[in-house]
$ cat upload-v8.cif   # mmCIF, C-alpha atoms
data_my_file
loop_
_atom_site.label_atom_id
_atom_site.label_comp_id
_atom_site.auth_asym_id
_atom_site.auth_seq_id
_atom_site.Cartn_x
_atom_site.Cartn_y
_atom_site.Cartn_z
CA MET V 1279 -6.49 -2.45 14.48
CA SER V 1280 -6.99 -2.14 10.72
CA ARG V 1281 -6.43 -5.09 8.44
CA PRO V 1282 -3.29 -5.04 6.26
CA VAL V 1283 -4.15 -4.38 2.63
CA ILE V 1284 -3.22 -7.33 0.40
CA GLY V 1285 -3.29 -6.71 -3.33
CA ILE V 1286 -4.12 -9.73 -5.52
CA THR V 1287 -3.60 -9.71 -9.28
CA CYS V 1288 -6.34 -11.09 -11.48
CA TYR V 1289 -7.36 -12.36 -14.89
CA VAL V 1290 -9.15 -10.43 -17.63
CA GLU V 1291 -11.07 -12.99 -19.66
CA PRO V 1292 -14.48 -13.47 -21.32
CA ALA V 1293 -16.96 -14.44 -18.60
CA ALA V 1294 -20.64 -15.18 -18.09
CA PHE V 1295 -22.53 -13.91 -15.04
CA THR V 1296 -26.26 -13.38 -14.41
CA VAL V 1297 -27.55 -12.32 -17.86
CA TRP V 1298 -24.23 -11.01 -19.18
CA ARG V 1299 -21.38 -12.34 -21.31
CA MET V 1300 -18.48 -9.91 -21.60
CA PRO V 1301 -14.80 -9.42 -20.71
CA ALA V 1302 -14.38 -9.34 -16.94
CA ALA V 1303 -11.66 -8.78 -14.36
CA LEU V 1304 -11.97 -11.95 -12.32
CA LEU V 1305 -10.28 -14.07 -9.69
CA PRO V 1306 -11.16 -17.37 -7.99
CA TYR V 1307 -12.89 -16.26 -4.81
CA THR V 1308 -10.87 -18.69 -2.70
CA TYR V 1309 -7.96 -16.22 -2.84
CA VAL V 1310 -10.18 -13.56 -1.31
CA GLU V 1311 -11.51 -15.95 1.33
CA HIS V 1312 -8.04 -17.08 2.41
CA VAL V 1313 -6.73 -13.53 2.74
CA GLU V 1314 -9.83 -12.39 4.66
CA ARG V 1315 -9.70 -15.44 6.92
CA ALA V 1316 -6.01 -14.77 7.65
CA GLY V 1317 -6.85 -11.23 8.79
CA GLY V 1318 -6.01 -9.27 5.64
CA GLN V 1319 -8.09 -6.90 3.54
CA PRO V 1320 -8.06 -8.27 -0.02
CA VAL V 1321 -7.97 -5.80 -2.92
CA ILE V 1322 -8.11 -7.09 -6.50
CA LEU V 1323 -5.63 -5.47 -8.91
CA PRO V 1324 -6.60 -5.67 -12.60
CA PRO V 1325 -3.92 -5.22 -15.27
CA ALA V 1326 -4.96 -1.67 -16.13
CA GLY V 1327 -3.39 1.72 -15.66
CA ASP V 1328 -0.24 1.52 -13.56
CA PRO V 1329 -0.78 -0.97 -10.73
CA ALA V 1330 2.94 -0.86 -9.85
CA SER V 1331 2.37 2.69 -8.59
CA LEU V 1332 0.19 1.22 -5.82
CA ALA V 1333 3.02 -0.74 -4.20
CA GLY V 1334 3.53 1.97 -1.61
CA ARG V 1335 -0.14 1.78 -0.61
CA LEU V 1336 -0.21 -1.99 -0.15
CA ASP V 1337 0.95 -4.04 2.82
CA GLY V 1338 1.41 -7.23 0.81
CA LEU V 1339 1.07 -8.60 -2.71
CA ILE V 1340 -0.13 -11.88 -4.19
CA VAL V 1341 0.53 -12.60 -7.86
CA ALA V 1342 -2.14 -15.15 -8.66
CA GLY V 1343 -2.28 -18.06 -11.09
CA GLY V 1344 -3.15 -17.67 -14.74
CA GLY V 1345 -1.93 -18.16 -18.30
CA ASP V 1346 1.62 -18.55 -19.51
CA VAL V 1347 4.28 -15.85 -19.47
CA ASP V 1348 5.39 -14.69 -22.93
CA PRO V 1349 8.52 -16.80 -23.64
CA ALA V 1350 10.13 -13.78 -25.33
CA ARG V 1351 10.64 -12.41 -21.82
CA TYR V 1352 13.19 -15.15 -21.19
CA GLY V 1353 14.60 -15.31 -24.70
CA GLU V 1354 12.76 -18.33 -26.11
CA ARG V 1355 10.30 -19.04 -28.90
CA PRO V 1356 6.85 -20.33 -27.88
CA HIS V 1357 6.36 -24.08 -27.45
CA PRO V 1358 3.28 -25.39 -29.33
CA ARG V 1359 1.56 -25.94 -25.97
CA THR V 1360 2.32 -22.47 -24.56
CA GLY V 1361 -0.94 -20.55 -24.38
CA TYR V 1362 -3.20 -17.95 -22.81
CA VAL V 1363 -0.41 -15.38 -23.02
CA ARG V 1364 -1.81 -11.98 -22.06
CA GLU V 1365 0.65 -9.16 -22.75
CA SER V 1366 -1.28 -6.63 -20.64
CA ARG V 1367 -1.13 -8.95 -17.65
CA ASP V 1368 2.56 -9.67 -18.18
CA GLU V 1369 3.29 -5.95 -18.33
CA ALA V 1370 1.29 -5.16 -15.20
CA GLU V 1371 2.59 -8.06 -13.08
CA PHE V 1372 6.24 -7.70 -14.00
CA GLY V 1373 5.98 -4.04 -13.02
CA LEU V 1374 4.23 -4.93 -9.77
CA VAL V 1375 6.85 -7.54 -8.86
CA ARG V 1376 9.65 -5.08 -9.57
CA ALA V 1377 8.01 -2.44 -7.38
CA ALA V 1378 7.14 -4.89 -4.59
CA LEU V 1379 10.66 -6.29 -4.33
CA SER V 1380 12.18 -2.81 -4.43
CA ALA V 1381 9.89 -1.69 -1.61
CA GLY V 1382 10.45 -4.82 0.52
CA LEU V 1383 6.74 -5.58 0.24
CA PRO V 1384 5.74 -9.05 1.50
CA PHE V 1385 5.14 -11.15 -1.60
CA LEU V 1386 3.47 -14.48 -2.35
CA GLY V 1387 3.50 -15.91 -5.85
CA VAL V 1388 1.04 -18.66 -6.78
CA CYS V 1389 1.64 -20.85 -9.85
CA ARG V 1390 2.00 -18.21 -12.61
CA GLY V 1391 3.14 -15.86 -9.83
CA MET V 1392 6.17 -18.07 -9.20
CA GLN V 1393 6.96 -18.05 -12.90
CA VAL V 1394 6.69 -14.25 -13.10
CA LEU V 1395 9.04 -13.90 -10.12
CA ASN V 1396 11.56 -16.33 -11.63
CA VAL V 1397 11.58 -14.69 -15.06
CA HIS V 1398 11.71 -11.19 -13.58
CA LEU V 1399 14.92 -12.18 -11.80
CA GLY V 1400 16.49 -13.56 -14.97
CA GLY V 1401 15.36 -17.18 -14.81
CA THR V 1402 13.79 -19.38 -17.47
CA LEU V 1403 10.89 -21.83 -17.65
CA HIS V 1404 10.22 -25.34 -18.86
CA GLN V 1405 7.47 -24.47 -21.32
CA HIS V 1406 5.76 -27.88 -21.25
CA LEU V 1407 6.57 -29.93 -18.18
CA PRO V 1408 5.39 -33.33 -19.51
CA ASP V 1409 8.26 -33.12 -22.02
CA VAL V 1410 10.64 -33.01 -19.04
CA VAL V 1411 9.12 -35.34 -16.45
CA GLY V 1412 7.31 -37.76 -18.75
CA HIS V 1413 3.83 -37.52 -17.21
CA ASP V 1414 0.93 -35.09 -16.92
CA GLY V 1415 0.32 -35.42 -13.18
CA HIS V 1416 0.87 -31.70 -12.60
CA SER V 1417 -2.09 -30.89 -14.87
CA PRO V 1418 -4.01 -34.09 -15.64
CA ALA V 1419 -6.98 -32.61 -17.53
CA PRO V 1420 -8.64 -29.25 -18.22
CA GLY V 1421 -10.20 -27.99 -15.00
CA GLU V 1422 -8.84 -30.88 -12.94
CA PHE V 1423 -6.20 -30.48 -10.24
CA GLY V 1424 -3.38 -32.97 -9.94
CA HIS V 1425 -2.57 -34.18 -6.44
CA LEU V 1426 1.16 -34.73 -6.08
CA PRO V 1427 2.86 -34.28 -2.69
CA VAL V 1428 5.64 -31.71 -2.42
CA ARG V 1429 8.47 -31.68 0.11
CA PRO V 1430 9.78 -28.43 1.60
CA VAL V 1431 13.54 -28.12 1.82
CA PRO V 1432 14.54 -28.25 5.52
CA GLY V 1433 15.84 -24.98 6.88
CA THR V 1434 14.07 -22.81 4.32
CA ALA V 1435 11.58 -20.12 5.14
CA LEU V 1436 8.89 -22.28 3.55
CA SER V 1437 9.65 -25.13 5.94
CA LYS V 1438 9.06 -22.75 8.85
CA VAL V 1439 5.53 -22.27 7.54
CA LEU V 1440 4.67 -25.79 6.35
CA GLY V 1441 7.15 -28.00 8.21
CA ASP V 1442 9.64 -30.45 6.69
CA ASP V 1443 7.22 -33.30 5.92
CA GLU V 1444 5.51 -33.89 2.59
CA VAL V 1445 2.62 -31.56 1.90
CA ALA V 1446 -0.49 -32.53 -0.04
CA ALA V 1447 -0.78 -30.03 -2.87
CA ALA V 1448 -3.24 -29.19 -5.63
CA HIS V 1449 -1.39 -28.75 -8.93
CA TYR V 1450 -2.55 -27.18 -12.16
CA HIS V 1451 0.52 -26.21 -14.15
CA HIS V 1452 2.16 -27.41 -17.33
CA GLN V 1453 5.17 -25.10 -16.89
CA ALA V 1454 7.77 -24.79 -14.14
CA ALA V 1455 11.05 -23.11 -13.29
CA ASP V 1456 14.09 -24.24 -15.25
CA ARG V 1457 17.09 -21.98 -14.57
CA LEU V 1458 16.50 -20.08 -11.33
CA GLY V 1459 16.54 -16.32 -11.27
CA ASP V 1460 19.17 -14.33 -9.40
CA GLY V 1461 18.92 -14.69 -5.63
CA LEU V 1462 16.31 -17.44 -5.68
CA THR V 1463 16.75 -20.74 -3.87
CA VAL V 1464 14.68 -23.91 -4.15
CA ALA V 1465 12.27 -24.19 -1.23
CA ALA V 1466 10.31 -27.31 -2.26
CA THR V 1467 10.39 -30.04 -4.89
CA CYS V 1468 8.17 -32.80 -6.21
CA GLU V 1469 9.31 -36.42 -6.40
CA ASP V 1470 9.91 -36.05 -10.15
CA GLY V 1471 12.39 -33.23 -9.50
CA THR V 1472 10.12 -30.33 -10.43
CA VAL V 1473 10.89 -27.13 -8.53
CA GLU V 1474 7.68 -26.45 -6.62
CA ALA V 1475 8.65 -23.43 -4.51
CA VAL V 1476 11.31 -20.74 -4.42
CA GLU V 1477 12.24 -17.97 -2.02
CA LEU V 1478 14.33 -14.84 -2.39
CA ALA V 1479 17.36 -14.37 -0.17
CA GLY V 1480 17.69 -11.05 1.62
CA HIS V 1481 14.03 -10.08 1.30
CA PRO V 1482 11.78 -9.86 4.36
CA PHE V 1483 9.14 -12.16 2.80
CA ALA V 1484 9.31 -13.20 -0.86
CA LEU V 1485 8.03 -16.71 -1.39
CA ALA V 1486 6.41 -18.40 -4.37
CA VAL V 1487 4.87 -21.83 -4.89
CA GLN V 1488 4.03 -23.65 -8.10
CA TRP V 1489 0.94 -25.36 -6.71
CA HIS V 1490 -2.41 -23.81 -5.71
CA PRO V 1491 -2.69 -23.26 -1.95
CA GLU V 1492 -5.92 -21.30 -2.50
CA ALA V 1493 -7.56 -24.60 -3.48
CA GLY V 1494 -6.99 -26.09 -0.02
CA GLU V 1495 -9.09 -25.90 3.11
CA ASP V 1496 -6.49 -24.17 5.26
CA GLY V 1497 -4.11 -21.39 4.42
CA PRO V 1498 -0.79 -21.26 6.31
CA LEU V 1499 0.91 -19.53 3.38
CA PHE V 1500 -1.73 -16.81 3.37
CA GLU V 1501 -1.49 -16.55 7.14
CA ALA V 1502 2.30 -16.13 6.90
CA LEU V 1503 1.92 -13.42 4.25
CA VAL V 1504 -0.64 -11.50 6.30
CA ALA V 1505 1.52 -11.85 9.42
CA ALA V 1506 4.49 -10.40 7.50
CA ALA V 1507 2.29 -7.59 6.19
CA THR V 1508 1.04 -6.86 9.70
CA ALA V 1509 4.52 -6.65 11.22
CA GLY V 1510 5.73 -3.08 11.48
CA ASP V 1511 9.22 -3.95 10.26
CA ARG V 1512 7.88 -6.32 7.55
CA HIS V 1513 9.99 -9.17 8.85
CA TRP V 1514 8.36 -12.56 9.44
#
$ encode --input "upload-v8.cif" --output "structure tokens"
Amino acid sequence: MSRPVIGITCYVEPAAFTVWRMPAALLPYTYVEHVERAGGQPVILPPAGDPASLAGRLDGLIVAGGGDVDPARYGERPHPRTGYVRESRDEAEFGLVRAALSAGLPFLGVCRGMQVLNVHLGGTLHQHLPDVVGHDGHSPAPGEFGHLPVRPVPGTALSKVLGDDEVAAAHYHHQAADRLGDGLTVAATCEDGTVEAVELAGHPFALAVQWHPEAGEDGPLFEALVAAATAGDRHW
């Protein structure tokens, strides 16, 4: 039986490798490892050409973490701490999310991916979360994950995957959902009230988390995505 093809969006940033320093399409390899371990065939999707046109050739989609979404997409001016906005990536990923949801493609958003989903559906973002919650525990220092537990909402699709108890989570985000997009429901929160996961009603599998499951040792969220992608009717 062939592996379901799971597209994963990626960064385009200056990078150094072997003897070279140049712009590169890149992705933390833990995404690839989790998808492969769960039984999927990972395919990296750079923000070039028309990646949305590939939705019909994929079995599942992951919108990965990354820089901030352009606040103009939800009608706001940039906060002084909003950064790493990449218009080409915004354009590609918003198109991919639109195509994936239209096709009923199993979808997992990670960190930025949750924000893209929320804004695509008409929601807004807190542009700098410490202004709202009064601490920097969700992103304590450059290159350092925060470790705040999150609690799935009982009865949600997320709770079927992770259970109802608190989940240890690796955080690296200074933004989060404010007003939820159309059709989204809260699937997990942090103790400070931050929305840490959302899911889309009426879709076979459309789930997004604000933390970084790819940074963990196990991958039930990736396993659930691959299982949904493997199912012939795309229902989990």
$ closest_residue --input "upload-v8.cif" --among "V:Ile1322, V:Cys1389, V:Cys1288, V:Ala1454" --to "His1404 of chain V" --atoms "all atoms listed in the file"
V:Ala1454
$ closest_residue --input "upload-v8.cif" --among "V:Val1363, V:Ala1377, V:Pro1320, V:His1451" --to "Phe1423 of chain V" --atoms "all atoms listed in the file"
V:His1451
$ residues_near_point --input "upload-v8.cif" --point "(12.0, -22.0, -21.0)" --cutoff "9 Å" --atoms "all atoms listed in the file" --output "number ranges by chain"
V: 1349, 1352-1357, 1401-1406, 1453-1457
$ closest_atom_pairs --input "upload-v8.cif" --of "segment 1328-1358 of chain V" --to "segment 1476-1498 of chain V" --cutoff "12 Å" --atoms "all atoms listed in the file" --output "Markdown table"
| residue | atom | partner | partner_atom | distance |
| --- | --- | --- | --- | --- |
| V:Asp1337 | CA | V:Phe1483 | CA | 11.5 |
| V:Gly1338 | CA | V:Phe1483 | CA | 9.4 |
| V:Leu1339 | CA | V:Ala1484 | CA | 9.6 |
| V:Ile1340 | CA | V:Ala1486 | CA | 9.2 |
| V:Val1341 | CA | V:Ala1486 | CA | 9.0 |
| V:Ala1342 | CA | V:His1490 | CA | 9.2 |
| V:Gly1343 | CA | V:His1490 | CA | 7.9 |
| V:Gly1344 | CA | V:His1490 | CA | 10.9 |
$ residues_near_point --input "upload-v8.cif" --point "(4.0, 0.8, -7.6)" --cutoff "8 Å" --atoms "all atoms listed in the file" --output "ChimeraX atom specification"
/V:1328-1334,1373-1374,1377-1378
$ resolve_selection --input "upload-v8.cif" --expression "the PyMOL selection byres ((chain V and resi 1434) around 10)" --output "PyMOL selection string"
chain V and resi 1430-1433+1435-1439+1441-1442+1463-1466+1476-1477
$ resolve_selection --input "upload-v8.cif" --expression "the PyMOL selection byres ((chain V and resi 1400) around 8)" --output "list of chain:residue names"
V:Tyr1352, V:Asn1396, V:Val1397, V:His1398, V:Leu1399, V:Gly1401, V:Thr1402, V:Leu1458, V:Gly1459, V:Asp1460
$ write_last_selection --input "upload-v8.cif" --atoms "C-alpha atoms" --output "PDB file, keeping the file's coordinate frame"
ATOM      1  CA  TYR V1352      13.190 -15.150 -21.190  1.00  0.00           C
ATOM      2  CA  ASN V1396      11.560 -16.330 -11.630  1.00  0.00           C
ATOM      3  CA  VAL V1397      11.580 -14.690 -15.060  1.00  0.00           C
ATOM      4  CA  HIS V1398      11.710 -11.190 -13.580  1.00  0.00           C
ATOM      5  CA  LEU V1399      14.920 -12.180 -11.800  1.00  0.00           C
ATOM      6  CA  GLY V1401      15.360 -17.180 -14.810  1.00  0.00           C
ATOM      7  CA  THR V1402      13.790 -19.380 -17.470  1.00  0.00           C
ATOM      8  CA  LEU V1458      16.500 -20.080 -11.330  1.00  0.00           C
ATOM      9  CA  GLY V1459      16.540 -16.320 -11.270  1.00  0.00           C
ATOM     10  CA  ASP V1460      19.170 -14.330  -9.400  1.00  0.00           C
TER      11      ASP V1460
END
$ residues_around --input "upload-v8.cif" --residues "Arg1281 of chain V" --least-positions-apart "6" --cutoff "8 Å" --atoms "all atoms listed in the file" --output "tab-separated table (two decimals) with C-alpha atoms, in the coordinates of the input"
chain	number	residue	atom	x	y	z
V	1317	GLY	CA	-6.85	-11.23	8.79
V	1318	GLY	CA	-6.01	-9.27	5.64
V	1319	GLN	CA	-8.09	-6.90	3.54
V	1508	THR	CA	1.04	-6.86	9.70
$ build_atoms --input "upload-v8.cif" --residues "segment 1289-1315 of chain V" --atoms "N, CA, C and O atoms" --output "short mmCIF file (atom, residue, chain, number, x, y, z; two decimals), in the frame of the given file"
data_model
loop_
_atom_site.label_atom_id
_atom_site.label_comp_id
_atom_site.auth_asym_id
_atom_site.auth_seq_id
_atom_site.Cartn_x
_atom_site.Cartn_y
_atom_site.Cartn_z
N TYR V 1289 -7.18 -12.10 -13.47
CA TYR V 1289 -7.36 -12.36 -14.89
C TYR V 1289 -8.21 -11.26 -15.52
O TYR V 1289 -9.00 -10.60 -14.83
N VAL V 1290 -8.12 -11.09 -16.83
CA VAL V 1290 -9.15 -10.43 -17.63
C VAL V 1290 -9.48 -11.38 -18.77
O VAL V 1290 -8.65 -11.64 -19.64
N GLU V 1291 -10.67 -11.96 -18.71
CA GLU V 1291 -11.07 -12.99 -19.66
C GLU V 1291 -12.57 -12.86 -19.95
O GLU V 1291 -13.31 -12.28 -19.16
N PRO V 1292 -13.03 -13.42 -21.08
CA PRO V 1292 -14.48 -13.47 -21.32
C PRO V 1292 -15.15 -14.27 -20.20
O PRO V 1292 -14.65 -15.31 -19.77
N ALA V 1293 -16.28 -13.78 -19.72
CA ALA V 1293 -16.96 -14.44 -18.60
C ALA V 1293 -18.47 -14.30 -18.76
O ALA V 1293 -18.96 -13.40 -19.43
N ALA V 1294 -19.18 -15.23 -18.12
CA ALA V 1294 -20.64 -15.18 -18.09
C ALA V 1294 -21.09 -15.05 -16.66
O ALA V 1294 -20.63 -15.77 -15.77
N PHE V 1295 -21.99 -14.09 -16.39
CA PHE V 1295 -22.53 -13.91 -15.04
C PHE V 1295 -23.92 -13.28 -15.17
O PHE V 1295 -24.14 -12.42 -16.01
N THR V 1296 -24.84 -13.73 -14.32
CA THR V 1296 -26.26 -13.38 -14.41
C THR V 1296 -26.69 -13.45 -15.88
O THR V 1296 -26.67 -14.51 -16.48
N VAL V 1297 -27.08 -12.30 -16.48
CA VAL V 1297 -27.55 -12.32 -17.86
C VAL V 1297 -26.48 -11.85 -18.85
O VAL V 1297 -26.76 -11.68 -20.04
N TRP V 1298 -25.24 -11.66 -18.37
CA TRP V 1298 -24.23 -11.01 -19.18
C TRP V 1298 -23.13 -11.97 -19.62
O TRP V 1298 -22.76 -12.91 -18.91
N ARG V 1299 -22.60 -11.70 -20.81
CA ARG V 1299 -21.38 -12.34 -21.31
C ARG V 1299 -20.49 -11.22 -21.85
O ARG V 1299 -20.85 -10.57 -22.84
N MET V 1300 -19.36 -11.01 -21.21
CA MET V 1300 -18.48 -9.91 -21.60
C MET V 1300 -17.11 -10.09 -20.95
O MET V 1300 -16.97 -10.91 -20.02
N PRO V 1301 -16.09 -9.37 -21.40
CA PRO V 1301 -14.80 -9.42 -20.71
C PRO V 1301 -14.95 -8.96 -19.25
O PRO V 1301 -15.71 -8.03 -18.95
N ALA V 1302 -14.26 -9.66 -18.36
CA ALA V 1302 -14.38 -9.34 -16.94
C ALA V 1302 -13.02 -9.47 -16.26
O ALA V 1302 -12.20 -10.31 -16.63
N ALA V 1303 -12.79 -8.61 -15.27
CA ALA V 1303 -11.66 -8.78 -14.36
C ALA V 1303 -12.12 -9.76 -13.30
O ALA V 1303 -13.09 -9.49 -12.58
N LEU V 1304 -11.46 -10.91 -13.21
CA LEU V 1304 -11.97 -11.95 -12.32
C LEU V 1304 -10.85 -12.71 -11.63
O LEU V 1304 -9.70 -12.70 -12.06
N LEU V 1305 -11.23 -13.36 -10.54
CA LEU V 1305 -10.28 -14.07 -9.69
C LEU V 1305 -11.04 -15.16 -8.94
O LEU V 1305 -12.15 -14.91 -8.45
N PRO V 1306 -10.50 -16.37 -8.85
CA PRO V 1306 -11.16 -17.37 -7.99
C PRO V 1306 -11.35 -16.81 -6.57
O PRO V 1306 -10.41 -16.29 -5.96
N TYR V 1307 -12.56 -16.92 -6.07
CA TYR V 1307 -12.89 -16.26 -4.81
C TYR V 1307 -12.16 -16.88 -3.62
O TYR V 1307 -12.07 -16.26 -2.56
N THR V 1308 -11.61 -18.07 -3.80
CA THR V 1308 -10.87 -18.69 -2.70
C THR V 1308 -9.66 -17.85 -2.28
O THR V 1308 -9.28 -17.87 -1.11
N TYR V 1309 -9.04 -17.13 -3.22
CA TYR V 1309 -7.96 -16.22 -2.84
C TYR V 1309 -8.47 -15.19 -1.83
O TYR V 1309 -7.84 -14.91 -0.80
N VAL V 1310 -9.59 -14.59 -2.17
CA VAL V 1310 -10.18 -13.56 -1.31
C VAL V 1310 -10.51 -14.14 0.06
O VAL V 1310 -10.22 -13.53 1.10
N GLU V 1311 -11.12 -15.33 0.07
CA GLU V 1311 -11.51 -15.95 1.33
C GLU V 1311 -10.29 -16.24 2.21
O GLU V 1311 -10.32 -16.01 3.42
N HIS V 1312 -9.23 -16.76 1.62
CA HIS V 1312 -8.04 -17.08 2.41
C HIS V 1312 -7.40 -15.83 3.01
O HIS V 1312 -6.98 -15.83 4.17
N VAL V 1313 -7.32 -14.77 2.23
CA VAL V 1313 -6.73 -13.53 2.74
C VAL V 1313 -7.60 -12.95 3.85
O VAL V 1313 -7.10 -12.53 4.90
N GLU V 1314 -8.91 -12.92 3.64
CA GLU V 1314 -9.83 -12.39 4.66
C GLU V 1314 -9.77 -13.22 5.93
O GLU V 1314 -9.72 -12.70 7.05
N ARG V 1315 -9.75 -14.54 5.77
CA ARG V 1315 -9.70 -15.44 6.92
C ARG V 1315 -8.39 -15.27 7.70
O ARG V 1315 -8.37 -15.41 8.92
#
